[in-house]
Amino acid sequence: MRSGLGSVIGLALVVGCGAGLGAIAFRWLIQSFTRLLSGHADYSAAGHAAHPGVPWLGPWFVVLAPVVGGLLYGPLVQRFAREARGHGVPEVMYAVAHRGGRIAPQVAVVKALASALCMGSGGSVGREGPIVQIGSALGSTVGGVLRVPEDRRRLLVACGAAGGIAATFNAPLAGVFFAMELILRDFAVESFGAVVLSSVTASVIGRAVLGDEAFLALPAFHVGHCAQYVLFALLGIVAGAVGVAFTRVLYLIEDACDWAWRGPEWLRPAVGGLLLGGLLLVLPQMYGVGYPVLENAIDGEYTVGLLLLLLVGKIVATSLTIGIGGSGGVFAPSLFLGAMAGTAFGATAHQLLPGTAGAVGAYGLVGMGAAFAGAARAPITAVIVLFELTGQYSIILPMMLAIVLATLTSRLLSHDTIYTLKLRRRGIDLDTARLESPLAGATVREVMEELPAALSGTLPLKEAADLLARSGHGSLPVTGRDGGYAGVVTARAVAEALTEPDPALDARATPRLVADLAEHPPAVTTGTPLSGALHTLVTADGTGLPVLDAEHRGEPVGWLTHQTVLNALHAPTPPPRPTPEAVQRRSP
């Protein structure tokens, strides 16, 4: 199963099956949590209705729903998979470009639960980001279990992403081009064939359970006057600018939330949920994904003023959901924004040029694809996605015109897309060739430093604080009673335990030994590529990570810090590989 064309076909089919089943389970989770926490199949279409289970609260229950959801998924994400926070696609793009397609297996489960809870409790996000990350994690896990080469593992990640999109949206072509254009960023023949197989397999499974109808039920539109192409071209420019504005506001609000929040990260979604709940109380149309609202807008049921209000409300609601630590995608919100902007544009054009503008809904439909193209800058995917989601081929020409102009407008206004900007803010540029890095191909073994002296798990916290202060490290390894590796303790955890004990606990229950505060950070081994280890180092607590032996993962043999990486960057020659004797001396 590790080499040959037959193995590619077999693995693509396996990943496609897993992604299809995962998409079905994810859709079921969203529906279940939405009914549980809102009392409706889709509260965005219910107005200011009360929850049937708590009718005495009236519409005010929407203030509490995001808080309850945040209390459930906040600790889940913080404890088991922090990369499940946010919209997910940038993490997959980074894993493919810089980590050899490595994604932790638990991400699939955590992302599914967290995103379903977030959307079910009112989070104004979409299903695309989560299902991409879920399918990609499945593909990466299959590759990891079979120990396939890195290039094959990256391909399986793309297969999982394509399968997830295909099954959850009943859009096999959209899944293929999304994976090729945004995840792999390559259209090689072998990759294309494998991704198609995975997408088709997942789509067949999804259709068997979820049905074979177009995702959005919209009336048929057509272009009746050549002058309409000029209007569609103008709409492309407007929608492209809307996509860029959405990107900017999203990260501006995320920065504001980062600046304002000073508490523990696991509590952030619940506290921020109060703000989101207040917004939902004013605009219940922002609850969840909001596809019924989108369909109503294109059907012409809203005035221009309400359309613009919903446009601004969606930008704020989605940005706030992501900013407070929510989990969900930005694909569906971008479609929502395009529908509102396009329909408002069409209604205005119809008032000014009643005999020329044509059907208002056609502008909303075209605006959906153009806004997504403006935000993600993926024109091929935008055209295919809109065609498959709506089943509308009659306006493919104006759609292509608007999407191309939206993409060009986005490129003129911004260097980054809604996906790549998140990575650039971390100092990661996907457009930079990997081989240009002075540490390209380096492993952790080549840059790690000597393992610092470990703390005994039976050591009192006051003594541990003194040793941490003198060590020069923000964290140190901990040994258990048997002398084996028992985790890592950070100076911050020790300081908090000594200075801010929980008032609900008596003095005897407060942790007084190092072992009580020891944690196991994400595993980094001697054979881990340095590019992948850097991401783990940045997101981990403390200032360093233990490096575990590649053959005996239970024992640390070195220490990785930001300083050691910087030293390696400025070293005239690569650091010498430690000898077996040196590795043995580093063991605690």
# chains A, B, ... in the order shown; residues from 1 in each chain; ligands from 1
>>> residues_around(residues="Val488 of chain A", least_positions_apart="6", cutoff="9 Å", atoms="only C-alpha atoms", output="PDB file with C-alpha atoms, in the first residue's frame")
ATOM      1  CA  ALA A 454      14.675  17.463  35.130  1.00  0.00           C
ATOM      2  CA  LEU A 455      12.593  18.266  38.207  1.00  0.00           C
ATOM      3  CA  SER A 475       9.620  25.156  31.468  1.00  0.00           C
ATOM      4  CA  LEU A 476      11.455  22.004  32.556  1.00  0.00           C
ATOM      5  CA  PRO A 477      10.922  18.256  32.179  1.00  0.00           C
ATOM      6  CA  VAL A 478       9.513  16.301  35.114  1.00  0.00           C
ATOM      7  CA  THR A 479      10.390  12.778  36.242  1.00  0.00           C
ATOM      8  CA  LEU A 517       1.093  20.402  37.418  1.00  0.00           C
ATOM      9  CA  ALA A 518       2.988  18.281  34.893  1.00  0.00           C
ATOM     10  CA  GLU A 519       1.532  18.276  31.393  1.00  0.00           C
ATOM     11  CA  HIS A 520       2.400  16.381  28.221  1.00  0.00           C
ATOM     12  CA  PRO A 521       3.028  18.885  25.399  1.00  0.00           C
ATOM     13  CA  LEU A 545       9.669  21.441  24.197  1.00  0.00           C
ATOM     14  CA  PRO A 546      11.218  18.073  25.057  1.00  0.00           C
TER      15      PRO A 546
END
>>> select_by_dssp(residues="segment 280-428 of chain A", states="alpha helix (DSSP H)", output="PyMOL selection string")
chain A and resi 280-282+291-298+304-323+331-352+360-376+379-390+396-413+420-424
>>> residues_around(residues="Ala25 of chain A", least_positions_apart="6", cutoff="12 Å", atoms="only C-alpha atoms", output="CSV table (one decimal) with all heavy atoms, in the first residue's frame")
chain,number,residue,atom,x,y,z
A,18,GLY,N,-14.1,7.2,4.0
A,18,GLY,CA,-14.0,7.8,5.3
A,18,GLY,C,-14.5,9.2,5.3
A,18,GLY,O,-15.3,9.6,6.2
A,19,ALA,N,-14.2,10.0,4.3
A,19,ALA,CA,-14.6,11.4,4.2
A,19,ALA,C,-16.1,11.5,4.1
A,19,ALA,O,-16.8,12.3,4.6
A,19,ALA,CB,-13.9,12.1,3.1
A,31,GLN,N,-27.2,19.2,12.9
A,31,GLN,CA,-28.7,19.2,13.0
A,31,GLN,C,-29.1,18.9,14.4
A,31,GLN,O,-30.0,19.5,14.9
A,31,GLN,CB,-29.2,18.2,12.0
A,31,GLN,CG,-29.0,18.6,10.5
A,31,GLN,CD,-29.4,17.4,9.6
A,31,GLN,OE1,-29.8,16.4,10.0
A,31,GLN,NE2,-29.3,17.7,8.3
A,32,SER,N,-28.4,17.9,15.0
A,32,SER,CA,-28.8,17.5,16.4
A,32,SER,C,-28.6,18.7,17.4
A,32,SER,O,-29.4,19.0,18.2
A,32,SER,CB,-28.0,16.3,16.8
A,32,SER,OG,-28.3,15.2,15.9
A,108,ALA,N,-9.8,15.4,13.7
A,108,ALA,CA,-11.1,15.1,13.0
A,108,ALA,C,-12.3,15.0,14.0
A,108,ALA,O,-13.3,15.6,13.8
A,108,ALA,CB,-11.0,13.8,12.3
A,109,VAL,N,-12.1,14.4,15.1
A,109,VAL,CA,-13.2,14.2,16.1
A,109,VAL,C,-13.4,15.6,16.8
A,109,VAL,O,-14.6,16.0,17.0
A,109,VAL,CB,-12.8,13.1,17.1
A,109,VAL,CG1,-13.9,13.0,18.2
A,109,VAL,CG2,-12.6,11.8,16.5
A,112,ALA,N,-15.1,18.1,14.5
A,112,ALA,CA,-16.5,17.8,14.2
A,112,ALA,C,-17.3,18.2,15.4
A,112,ALA,O,-18.4,18.9,15.2
A,112,ALA,CB,-16.6,16.3,13.9
A,113,LEU,N,-17.0,17.9,16.6
A,113,LEU,CA,-17.8,18.2,17.8
A,113,LEU,C,-17.8,19.7,18.0
A,113,LEU,O,-18.8,20.3,18.3
A,113,LEU,CB,-17.2,17.5,19.0
A,113,LEU,CG,-17.4,15.9,19.0
A,113,LEU,CD1,-16.6,15.3,20.2
A,113,LEU,CD2,-18.9,15.6,19.1
A,116,ALA,N,-19.7,21.6,15.3
A,116,ALA,CA,-21.2,21.4,15.3
A,116,ALA,C,-21.8,22.1,16.6
A,116,ALA,O,-22.9,22.6,16.5
A,116,ALA,CB,-21.4,19.8,15.4
A,131,ILE,N,-15.4,20.6,7.5
A,131,ILE,CA,-15.4,19.3,6.8
A,131,ILE,C,-14.1,19.2,6.1
A,131,ILE,O,-13.6,18.0,5.9
A,131,ILE,CB,-16.6,19.2,5.9
A,131,ILE,CG1,-16.8,17.8,5.5
A,131,ILE,CG2,-16.4,20.1,4.7
A,131,ILE,CD1,-17.0,16.8,6.6
A,134,ILE,N,-11.7,18.0,8.8
A,134,ILE,CA,-12.1,16.6,9.2
A,134,ILE,C,-11.6,15.6,8.1
A,134,ILE,O,-10.9,14.6,8.5
A,134,ILE,CB,-13.6,16.5,9.4
A,134,ILE,CG1,-14.0,17.3,10.6
A,134,ILE,CG2,-14.0,15.1,9.6
A,134,ILE,CD1,-15.5,17.6,10.7
A,135,GLY,N,-11.9,15.8,6.9
A,135,GLY,CA,-11.5,14.9,5.8
A,135,GLY,C,-10.0,14.9,5.7
A,135,GLY,O,-9.4,13.8,5.5
A,164,GLY,N,-14.7,15.4,1.7
A,164,GLY,CA,-15.5,16.1,2.6
A,164,GLY,C,-16.4,17.1,2.0
A,164,GLY,O,-17.6,17.2,2.2
A,167,ALA,N,-19.1,15.3,-0.3
A,167,ALA,CA,-20.2,14.7,0.4
A,167,ALA,C,-21.2,15.6,1.1
A,167,ALA,O,-22.4,15.5,1.0
A,167,ALA,CB,-19.7,13.6,1.4
A,168,THR,N,-20.6,16.6,1.8
A,168,THR,CA,-21.5,17.5,2.6
A,168,THR,C,-22.2,18.5,1.7
A,168,THR,O,-23.3,18.9,2.1
A,168,THR,CB,-20.6,18.3,3.6
A,168,THR,OG1,-21.5,18.8,4.6
A,168,THR,CG2,-19.8,19.4,3.0
A,205,ILE,N,-21.5,8.1,-1.5
A,205,ILE,CA,-21.9,7.8,-0.2
A,205,ILE,C,-22.8,8.8,0.4
A,205,ILE,O,-23.9,8.6,1.0
A,205,ILE,CB,-20.7,7.5,0.7
A,205,ILE,CG1,-19.9,6.3,0.3
A,205,ILE,CG2,-21.1,7.4,2.2
A,205,ILE,CD1,-18.6,6.1,1.0
A,206,GLY,N,-22.4,10.1,0.2
A,206,GLY,CA,-23.2,11.2,0.7
A,206,GLY,C,-24.6,11.2,0.0
A,206,GLY,O,-25.6,11.4,0.7
A,209,VAL,N,-27.2,8.8,1.4
A,209,VAL,CA,-27.8,9.1,2.7
A,209,VAL,C,-28.5,10.4,2.7
A,209,VAL,O,-29.6,10.6,3.2
A,209,VAL,CB,-26.8,9.0,3.8
A,209,VAL,CG1,-27.4,9.4,5.1
A,209,VAL,CG2,-26.1,7.6,3.8
A,210,LEU,N,-27.9,11.4,2.1
A,210,LEU,CA,-28.4,12.8,2.2
A,210,LEU,C,-29.3,13.2,1.0
A,210,LEU,O,-29.8,14.3,1.0
A,210,LEU,CB,-27.2,13.8,2.3
A,210,LEU,CG,-26.3,13.5,3.5
A,210,LEU,CD1,-25.1,14.4,3.4
A,210,LEU,CD2,-27.0,13.7,4.8
>>> residues_around(residues="segment 98-107 of chain A", least_positions_apart="2", cutoff="10 Å", atoms="only C-alpha atoms", output="count of residues only")
53
>>> atom_distance(atom1="atom CA of Phe336 of chain A", atom2="atom CA of Phe33 of chain A")
21.8 Å
>>> residues_around(residues="Val67 of chain A", least_positions_apart="5", cutoff="8 Å", atoms="only C-alpha atoms", output="list in words")
Pro269, Ala270, Val271, Gly272, Gly273, Leu274 and Gly277 of chain A
>>> write_last_selection(atoms="C-alpha atoms", output="CSV table (one decimal), in the first residue's frame")
chain,number,residue,atom,x,y,z
A,269,PRO,CA,-15.8,31.2,23.7
A,270,ALA,CA,-18.4,31.2,26.6
A,271,VAL,CA,-17.7,34.8,27.7
A,272,GLY,CA,-17.5,36.1,24.1
A,273,GLY,CA,-20.7,34.2,23.5
A,274,LEU,CA,-22.6,36.9,25.4
A,277,GLY,CA,-25.9,36.3,21.8
>>> residues_around(residues="Gly163 of chain A", least_positions_apart="5", cutoff="7 Å", atoms="only C-alpha atoms", output="PyMOL selection string")
chain A and resi 16+19-20+135+175+198-199+202-203
>>> write_last_selection(atoms="N, CA and C atoms", output="PDB file, in the first residue's frame")
ATOM      1  N   GLY A  16     -11.823   8.442   0.526  1.00  0.00           N
ATOM      2  CA  GLY A  16     -13.115   8.933   0.081  1.00  0.00           C
ATOM      3  C   GLY A  16     -14.262   8.350   0.885  1.00  0.00           C
ATOM      4  N   ALA A  19     -14.160  10.018   4.307  1.00  0.00           N
ATOM      5  CA  ALA A  19     -14.614  11.407   4.249  1.00  0.00           C
ATOM      6  C   ALA A  19     -16.126  11.477   4.051  1.00  0.00           C
ATOM      7  N   GLY A  20     -16.674  10.587   3.225  1.00  0.00           N
ATOM      8  CA  GLY A  20     -18.118  10.576   3.015  1.00  0.00           C
ATOM      9  C   GLY A  20     -18.878  10.253   4.284  1.00  0.00           C
ATOM     10  N   GLY A 135     -11.933  15.844   6.885  1.00  0.00           N
ATOM     11  CA  GLY A 135     -11.501  14.926   5.833  1.00  0.00           C
ATOM     12  C   GLY A 135      -9.996  14.877   5.693  1.00  0.00           C
ATOM     13  N   GLY A 175     -15.519  19.755  -4.873  1.00  0.00           N
ATOM     14  CA  GLY A 175     -14.547  19.158  -3.964  1.00  0.00           C
ATOM     15  C   GLY A 175     -13.200  18.978  -4.623  1.00  0.00           C
ATOM     16  N   SER A 198     -11.439  10.035  -4.924  1.00  0.00           N
ATOM     17  CA  SER A 198     -11.884  10.241  -3.546  1.00  0.00           C
ATOM     18  C   SER A 198     -13.164  11.058  -3.504  1.00  0.00           C
ATOM     19  N   SER A 199     -13.231  12.103  -4.331  1.00  0.00           N
ATOM     20  CA  SER A 199     -14.405  12.969  -4.336  1.00  0.00           C
ATOM     21  C   SER A 199     -15.640  12.219  -4.815  1.00  0.00           C
ATOM     22  N   ALA A 202     -16.796   9.686  -2.076  1.00  0.00           N
ATOM     23  CA  ALA A 202     -17.472  10.365  -0.975  1.00  0.00           C
ATOM     24  C   ALA A 202     -18.837  10.891  -1.406  1.00  0.00           C
ATOM     25  N   SER A 203     -18.922  11.413  -2.627  1.00  0.00           N
ATOM     26  CA  SER A 203     -20.190  11.955  -3.112  1.00  0.00           C
ATOM     27  C   SER A 203     -21.245  10.858  -3.255  1.00  0.00           C
TER      28      SER A 203
END
>>> residues_around(residues="Arg185 of chain A", least_positions_apart="2", cutoff="10 Å", atoms="only C-alpha atoms", output="short mmCIF file (atom, residue, chain, number, x, y, z; two decimals) with N, CA and C atoms, in the first residue's frame")
data_model
loop_
_atom_site.label_atom_id
_atom_site.label_comp_id
_atom_site.auth_asym_id
_atom_site.auth_seq_id
_atom_site.Cartn_x
_atom_site.Cartn_y
_atom_site.Cartn_z
N MET A 93 -3.75 23.88 4.74
CA MET A 93 -2.80 24.39 3.74
C MET A 93 -1.38 24.38 4.29
N VAL A 96 0.01 20.76 4.51
CA VAL A 96 0.41 20.23 3.21
C VAL A 96 1.71 20.87 2.74
N ALA A 97 1.86 22.17 2.93
CA ALA A 97 3.01 22.90 2.40
C ALA A 97 4.27 22.73 3.24
N ALA A 158 -5.31 15.99 0.61
CA ALA A 158 -6.15 16.64 -0.40
C ALA A 158 -7.35 15.76 -0.76
N PHE A 177 -11.86 20.62 -7.29
CA PHE A 177 -11.15 21.86 -7.59
C PHE A 177 -10.79 22.64 -6.33
N PHE A 178 -11.59 22.51 -5.28
CA PHE A 178 -11.22 23.14 -4.01
C PHE A 178 -9.91 22.55 -3.51
N ALA A 179 -9.80 21.22 -3.54
CA ALA A 179 -8.59 20.56 -3.05
C ALA A 179 -7.38 20.89 -3.92
N MET A 180 -7.57 20.91 -5.24
CA MET A 180 -6.44 21.16 -6.13
C MET A 180 -5.99 22.62 -6.10
N GLU A 181 -6.95 23.53 -6.09
CA GLU A 181 -6.62 24.95 -6.21
C GLU A 181 -6.19 25.57 -4.90
N LEU A 182 -6.77 25.12 -3.78
CA LEU A 182 -6.49 25.76 -2.50
C LEU A 182 -5.60 24.91 -1.58
N ILE A 183 -5.75 23.59 -1.60
CA ILE A 183 -4.99 22.75 -0.68
C ILE A 183 -3.66 22.33 -1.29
N PHE A 187 -1.94 21.04 -10.14
CA PHE A 187 -2.87 20.27 -10.96
C PHE A 187 -2.15 19.13 -11.68
N ALA A 188 -1.24 18.44 -10.97
CA ALA A 188 -0.55 17.30 -11.55
C ALA A 188 -1.55 16.19 -11.89
N LEU A 430 3.14 30.91 2.09
CA LEU A 430 3.02 29.70 1.28
C LEU A 430 3.60 29.88 -0.11
#
>>> closest_residue(among="A:Cys159, A:Tyr229, A:Asn296, A:Gly326", to="Glu190 of chain A", atoms="only C-alpha atoms")
A:Cys159
>>> select_by_dssp(residues="segment 329-500 of chain A", states="strand (DSSP E or B)", output="ChimeraX atom specification")
/A:329,443,449,455-456,460,475-479,485-490
>>> write_last_selection(atoms="N, CA and C atoms", output="compact mmCIF listing (two decimals), in the first residue's frame")
# COMPACT_ATOMS: atom_id res chain seq x y z
N GLY A 329 -16.31 27.44 9.31
CA GLY A 329 -15.74 27.91 8.07
C GLY A 329 -16.20 29.30 7.67
N THR A 443 15.98 18.27 10.40
CA THR A 443 15.14 17.64 11.41
C THR A 443 15.47 18.21 12.78
N GLU A 449 19.04 21.22 21.54
CA GLU A 449 20.10 21.44 22.51
C GLU A 449 20.03 20.37 23.61
N LEU A 455 13.10 18.10 36.85
CA LEU A 455 12.59 18.27 38.21
C LEU A 455 11.93 16.98 38.66
N SER A 456 12.12 16.63 39.89
CA SER A 456 11.45 15.46 40.44
C SER A 456 9.97 15.78 40.65
N PRO A 460 8.40 19.96 46.08
CA PRO A 460 7.41 20.98 46.43
C PRO A 460 7.46 22.14 45.43
N SER A 475 10.21 26.45 31.15
CA SER A 475 9.62 25.16 31.47
C SER A 475 10.73 24.13 31.59
N LEU A 476 10.46 23.06 32.33
CA LEU A 476 11.45 22.00 32.56
C LEU A 476 10.76 20.65 32.53
N PRO A 477 11.51 19.60 32.13
CA PRO A 477 10.92 18.26 32.18
C PRO A 477 10.74 17.79 33.61
N VAL A 478 9.83 16.84 33.80
CA VAL A 478 9.51 16.30 35.11
C VAL A 478 9.68 14.79 35.07
N THR A 479 10.26 14.23 36.13
CA THR A 479 10.39 12.78 36.24
C THR A 479 9.42 12.25 37.29
N TYR A 485 10.18 9.73 32.38
CA TYR A 485 9.62 11.01 31.94
C TYR A 485 8.14 11.09 32.28
N ALA A 486 7.73 12.18 32.94
CA ALA A 486 6.34 12.33 33.38
C ALA A 486 5.68 13.59 32.83
N GLY A 487 6.35 14.30 31.92
CA GLY A 487 5.77 15.50 31.35
C GLY A 487 6.64 16.72 31.54
N VAL A 488 6.03 17.89 31.42
CA VAL A 488 6.72 19.17 31.52
C VAL A 488 5.93 20.08 32.43
N VAL A 489 6.62 20.89 33.21
CA VAL A 489 5.97 21.89 34.04
C VAL A 489 6.48 23.26 33.63
N THR A 490 5.57 24.22 33.51
CA THR A 490 5.94 25.58 33.11
C THR A 490 6.02 26.50 34.31
>>> atom_distance(atom1="atom CA of Ala442 of chain A", atom2="atom CA of His473 of chain A")
24.0 Å
>>> closest_residue(among="A:Arg426, A:Val293, A:Asp516, A:Gly325", to="Leu461 of chain A", atoms="only C-alpha atoms")
A:Asp516
>>> closest_residue(among="A:Ala46, A:Val366, A:Leu29, A:Leu279", to="Leu397 of chain A", atoms="only C-alpha atoms")
A:Val366
>>> atom_distance(atom1="atom CA of Val249 of chain A", atom2="atom CA of Gly122 of chain A")
19.7 Å
>>> decode(residues="segment 70-89 of chain A", atoms="N, CA and C atoms", output="compact mmCIF listing (two decimals), in the first residue's frame")
# COMPACT_ATOMS: atom_id res chain seq x y z
N GLY A 70 -20.21 27.54 24.03
CA GLY A 70 -18.81 27.86 24.32
C GLY A 70 -18.26 27.11 25.51
N LEU A 71 -19.09 26.92 26.54
CA LEU A 71 -18.65 26.15 27.71
C LEU A 71 -18.38 24.70 27.35
N LEU A 72 -19.01 24.21 26.30
CA LEU A 72 -18.81 22.81 25.89
C LEU A 72 -17.61 22.65 24.96
N TYR A 73 -17.53 23.48 23.91
CA TYR A 73 -16.45 23.26 22.95
C TYR A 73 -15.16 23.99 23.31
N GLY A 74 -15.22 25.02 24.15
CA GLY A 74 -14.00 25.73 24.54
C GLY A 74 -12.98 24.83 25.21
N PRO A 75 -13.34 24.15 26.31
CA PRO A 75 -12.38 23.23 26.95
C PRO A 75 -11.99 22.07 26.04
N LEU A 76 -12.91 21.60 25.21
CA LEU A 76 -12.61 20.49 24.31
C LEU A 76 -11.48 20.84 23.35
N VAL A 77 -11.57 22.01 22.73
CA VAL A 77 -10.54 22.45 21.80
C VAL A 77 -9.22 22.73 22.52
N GLN A 78 -9.30 23.42 23.65
CA GLN A 78 -8.09 23.78 24.38
C GLN A 78 -7.33 22.56 24.88
N ARG A 79 -8.06 21.53 25.26
CA ARG A 79 -7.41 20.36 25.86
C ARG A 79 -6.88 19.38 24.82
N PHE A 80 -7.62 19.18 23.73
CA PHE A 80 -7.28 18.07 22.84
C PHE A 80 -6.74 18.48 21.47
N ALA A 81 -7.15 19.62 20.93
CA ALA A 81 -6.68 19.98 19.58
C ALA A 81 -6.89 21.47 19.35
N ARG A 82 -5.90 22.27 19.70
CA ARG A 82 -6.03 23.72 19.57
C ARG A 82 -6.13 24.16 18.11
N GLU A 83 -5.60 23.34 17.18
CA GLU A 83 -5.69 23.70 15.78
C GLU A 83 -7.11 23.59 15.25
N ALA A 84 -8.02 23.04 16.05
CA ALA A 84 -9.42 22.96 15.65
C ALA A 84 -10.13 24.29 15.82
N ARG A 85 -9.50 25.27 16.47
CA ARG A 85 -10.10 26.60 16.62
C ARG A 85 -10.00 27.34 15.28
N GLY A 86 -11.00 28.17 14.98
CA GLY A 86 -10.96 28.96 13.76
C GLY A 86 -11.60 28.25 12.58
N HIS A 87 -11.22 28.68 11.36
CA HIS A 87 -11.92 28.16 10.19
C HIS A 87 -11.24 26.99 9.52
N GLY A 88 -10.08 26.55 9.94
CA GLY A 88 -9.56 25.23 9.59
C GLY A 88 -8.76 25.11 8.31
N VAL A 89 -9.18 25.75 7.23
CA VAL A 89 -8.51 25.57 5.94
C VAL A 89 -7.05 26.04 5.98
